[in-house]
Amino acid sequence: MIINGIDRLVRSKTKEQNLLLCAEEAGEWIQAVSKMARGTPEERRHKRRRDKLIGETADLLICIAIIRQMYDIDDDELQDMIDYKMQRNLERIKG
């Protein structure tokens, strides 16, 4: 179901339109994360804020799926990059 939906989304817009949509969704996700990070512990647990973050994360994951399909990024290629980035972050933490 989600694959068919992503395929329909990709075909319904140009690459530029899809990329602009994804940039907009990424910005909204960043705002939601920033609000959660700046809030007090009570505010971070507040259901409305948490629900907003969940909704924005879902939108961002859809956009990631759109970009993966548009540019034919497969699971192995993505996992290799995740592993590389994770290792780099761990090395930075170690100092």
# chains A, B, ... in the order shown; residues from 1 in each chain; ligands from 1
$ residues_around --residues "Ile66 (chain A)" --least-positions-apart "3" --cutoff "10 Å" --atoms "only C-alpha atoms" --output "MDAnalysis selection string"
chainID A and resid 3 5:11 15 18:19 22 60:63 69:72
$ closest_residue --among "A:Asp76, A:Glu56, A:Asp51, A:Glu43" --to "Gln31 (chain A)" --atoms "only C-alpha atoms"
A:Glu56
$ decode --residues "region 33-60 of chain A" --atoms "N, CA, C and O atoms" --output "PDB file, in the first residue's frame"
ATOM      1  N   VAL A  33      10.948  19.528  16.134  1.00  0.00           N
ATOM      2  CA  VAL A  33      12.024  19.003  16.978  1.00  0.00           C
ATOM      3  C   VAL A  33      12.596  20.116  17.852  1.00  0.00           C
ATOM      4  O   VAL A  33      12.829  19.925  19.044  1.00  0.00           O
ATOM      5  N   SER A  34      12.779  21.302  17.273  1.00  0.00           N
ATOM      6  CA  SER A  34      13.320  22.433  18.026  1.00  0.00           C
ATOM      7  C   SER A  34      12.406  22.807  19.184  1.00  0.00           C
ATOM      8  O   SER A  34      12.878  23.083  20.287  1.00  0.00           O
ATOM      9  N   LYS A  35      11.104  22.824  18.943  1.00  0.00           N
ATOM     10  CA  LYS A  35      10.161  23.141  20.013  1.00  0.00           C
ATOM     11  C   LYS A  35      10.227  22.104  21.122  1.00  0.00           C
ATOM     12  O   LYS A  35      10.163  22.446  22.301  1.00  0.00           O
ATOM     13  N   MET A  36      10.366  20.840  20.752  1.00  0.00           N
ATOM     14  CA  MET A  36      10.482  19.789  21.766  1.00  0.00           C
ATOM     15  C   MET A  36      11.781  19.944  22.557  1.00  0.00           C
ATOM     16  O   MET A  36      11.800  19.780  23.768  1.00  0.00           O
ATOM     17  N   ALA A  37      12.857  20.290  21.880  1.00  0.00           N
ATOM     18  CA  ALA A  37      14.155  20.417  22.546  1.00  0.00           C
ATOM     19  C   ALA A  37      14.186  21.607  23.496  1.00  0.00           C
ATOM     20  O   ALA A  37      14.805  21.538  24.558  1.00  0.00           O
ATOM     21  N   ARG A  38      13.513  22.691  23.123  1.00  0.00           N
ATOM     22  CA  ARG A  38      13.528  23.902  23.950  1.00  0.00           C
ATOM     23  C   ARG A  38      12.540  23.849  25.103  1.00  0.00           C
ATOM     24  O   ARG A  38      12.654  24.612  26.056  1.00  0.00           O
ATOM     25  N   GLY A  39      11.568  22.980  25.033  1.00  0.00           N
ATOM     26  CA  GLY A  39      10.531  22.932  26.060  1.00  0.00           C
ATOM     27  C   GLY A  39      11.033  22.344  27.371  1.00  0.00           C
ATOM     28  O   GLY A  39      12.092  21.726  27.447  1.00  0.00           O
ATOM     29  N   THR A  40      10.245  22.558  28.399  1.00  0.00           N
ATOM     30  CA  THR A  40      10.533  21.950  29.688  1.00  0.00           C
ATOM     31  C   THR A  40      10.204  20.460  29.606  1.00  0.00           C
ATOM     32  O   THR A  40       9.506  20.026  28.685  1.00  0.00           O
ATOM     33  N   PRO A  41      10.688  19.645  30.559  1.00  0.00           N
ATOM     34  CA  PRO A  41      10.336  18.221  30.524  1.00  0.00           C
ATOM     35  C   PRO A  41       8.822  17.987  30.474  1.00  0.00           C
ATOM     36  O   PRO A  41       8.360  17.090  29.774  1.00  0.00           O
ATOM     37  N   GLU A  42       8.071  18.816  31.183  1.00  0.00           N
ATOM     38  CA  GLU A  42       6.609  18.663  31.166  1.00  0.00           C
ATOM     39  C   GLU A  42       6.055  18.963  29.778  1.00  0.00           C
ATOM     40  O   GLU A  42       5.164  18.279  29.286  1.00  0.00           O
ATOM     41  N   GLU A  43       6.576  20.025  29.149  1.00  0.00           N
ATOM     42  CA  GLU A  43       6.116  20.378  27.802  1.00  0.00           C
ATOM     43  C   GLU A  43       6.483  19.310  26.783  1.00  0.00           C
ATOM     44  O   GLU A  43       5.714  19.024  25.877  1.00  0.00           O
ATOM     45  N   ARG A  44       7.659  18.719  26.930  1.00  0.00           N
ATOM     46  CA  ARG A  44       8.079  17.682  25.981  1.00  0.00           C
ATOM     47  C   ARG A  44       7.193  16.452  26.075  1.00  0.00           C
ATOM     48  O   ARG A  44       7.036  15.725  25.114  1.00  0.00           O
ATOM     49  N   ARG A  45       6.617  16.216  27.253  1.00  0.00           N
ATOM     50  CA  ARG A  45       5.726  15.064  27.422  1.00  0.00           C
ATOM     51  C   ARG A  45       4.295  15.400  27.019  1.00  0.00           C
ATOM     52  O   ARG A  45       3.469  14.515  26.890  1.00  0.00           O
ATOM     53  N   HIS A  46       4.012  16.671  26.831  1.00  0.00           N
ATOM     54  CA  HIS A  46       2.657  17.103  26.518  1.00  0.00           C
ATOM     55  C   HIS A  46       2.185  16.430  25.225  1.00  0.00           C
ATOM     56  O   HIS A  46       2.873  16.437  24.206  1.00  0.00           O
ATOM     57  N   LYS A  47       1.023  15.839  25.266  1.00  0.00           N
ATOM     58  CA  LYS A  47       0.531  15.021  24.155  1.00  0.00           C
ATOM     59  C   LYS A  47       0.440  15.784  22.838  1.00  0.00           C
ATOM     60  O   LYS A  47       0.828  15.258  21.801  1.00  0.00           O
ATOM     61  N   ARG A  48      -0.029  17.023  22.860  1.00  0.00           N
ATOM     62  CA  ARG A  48      -0.169  17.756  21.600  1.00  0.00           C
ATOM     63  C   ARG A  48       1.180  17.992  20.926  1.00  0.00           C
ATOM     64  O   ARG A  48       1.308  17.847  19.716  1.00  0.00           O
ATOM     65  N   ARG A  49       2.182  18.345  21.710  1.00  0.00           N
ATOM     66  CA  ARG A  49       3.518  18.547  21.130  1.00  0.00           C
ATOM     67  C   ARG A  49       4.077  17.240  20.600  1.00  0.00           C
ATOM     68  O   ARG A  49       4.668  17.189  19.530  1.00  0.00           O
ATOM     69  N   ARG A  50       3.898  16.189  21.377  1.00  0.00           N
ATOM     70  CA  ARG A  50       4.396  14.874  20.964  1.00  0.00           C
ATOM     71  C   ARG A  50       3.679  14.405  19.702  1.00  0.00           C
ATOM     72  O   ARG A  50       4.305  13.902  18.775  1.00  0.00           O
ATOM     73  N   ASP A  51       2.369  14.600  19.647  1.00  0.00           N
ATOM     74  CA  ASP A  51       1.604  14.214  18.458  1.00  0.00           C
ATOM     75  C   ASP A  51       2.056  15.002  17.229  1.00  0.00           C
ATOM     76  O   ASP A  51       2.124  14.468  16.132  1.00  0.00           O
ATOM     77  N   LYS A  52       2.353  16.284  17.417  1.00  0.00           N
ATOM     78  CA  LYS A  52       2.847  17.120  16.316  1.00  0.00           C
ATOM     79  C   LYS A  52       4.171  16.575  15.805  1.00  0.00           C
ATOM     80  O   LYS A  52       4.380  16.459  14.593  1.00  0.00           O
ATOM     81  N   LEU A  53       5.051  16.205  16.725  1.00  0.00           N
ATOM     82  CA  LEU A  53       6.345  15.647  16.330  1.00  0.00           C
ATOM     83  C   LEU A  53       6.161  14.326  15.581  1.00  0.00           C
ATOM     84  O   LEU A  53       6.811  14.089  14.567  1.00  0.00           O
ATOM     85  N   ILE A  54       5.254  13.488  16.051  1.00  0.00           N
ATOM     86  CA  ILE A  54       4.982  12.216  15.366  1.00  0.00           C
ATOM     87  C   ILE A  54       4.451  12.475  13.959  1.00  0.00           C
ATOM     88  O   ILE A  54       4.891  11.860  12.984  1.00  0.00           O
ATOM     89  N   GLY A  55       3.511  13.415  13.830  1.00  0.00           N
ATOM     90  CA  GLY A  55       2.954  13.742  12.517  1.00  0.00           C
ATOM     91  C   GLY A  55       3.997  14.280  11.559  1.00  0.00           C
ATOM     92  O   GLY A  55       4.046  13.881  10.387  1.00  0.00           O
ATOM     93  N   GLU A  56       4.848  15.183  12.040  1.00  0.00           N
ATOM     94  CA  GLU A  56       5.894  15.749  11.189  1.00  0.00           C
ATOM     95  C   GLU A  56       6.929  14.690  10.820  1.00  0.00           C
ATOM     96  O   GLU A  56       7.464  14.695   9.705  1.00  0.00           O
ATOM     97  N   THR A  57       7.217  13.766  11.735  1.00  0.00           N
ATOM     98  CA  THR A  57       8.156  12.677  11.434  1.00  0.00           C
ATOM     99  C   THR A  57       7.583  11.770  10.353  1.00  0.00           C
ATOM    100  O   THR A  57       8.297  11.354   9.433  1.00  0.00           O
ATOM    101  N   ALA A  58       6.282  11.487  10.425  1.00  0.00           N
ATOM    102  CA  ALA A  58       5.631  10.674   9.391  1.00  0.00           C
ATOM    103  C   ALA A  58       5.729  11.365   8.033  1.00  0.00           C
ATOM    104  O   ALA A  58       6.060  10.732   7.024  1.00  0.00           O
ATOM    105  N   ASP A  59       5.461  12.684   8.004  1.00  0.00           N
ATOM    106  CA  ASP A  59       5.571  13.427   6.746  1.00  0.00           C
ATOM    107  C   ASP A  59       6.992  13.355   6.195  1.00  0.00           C
ATOM    108  O   ASP A  59       7.195  13.175   4.985  1.00  0.00           O
ATOM    109  N   LEU A  60       7.982  13.497   7.067  1.00  0.00           N
ATOM    110  CA  LEU A  60       9.372  13.460   6.629  1.00  0.00           C
ATOM    111  C   LEU A  60       9.743  12.080   6.091  1.00  0.00           C
ATOM    112  O   LEU A  60      10.425  11.969   5.071  1.00  0.00           O
TER     113      LEU A  60
END
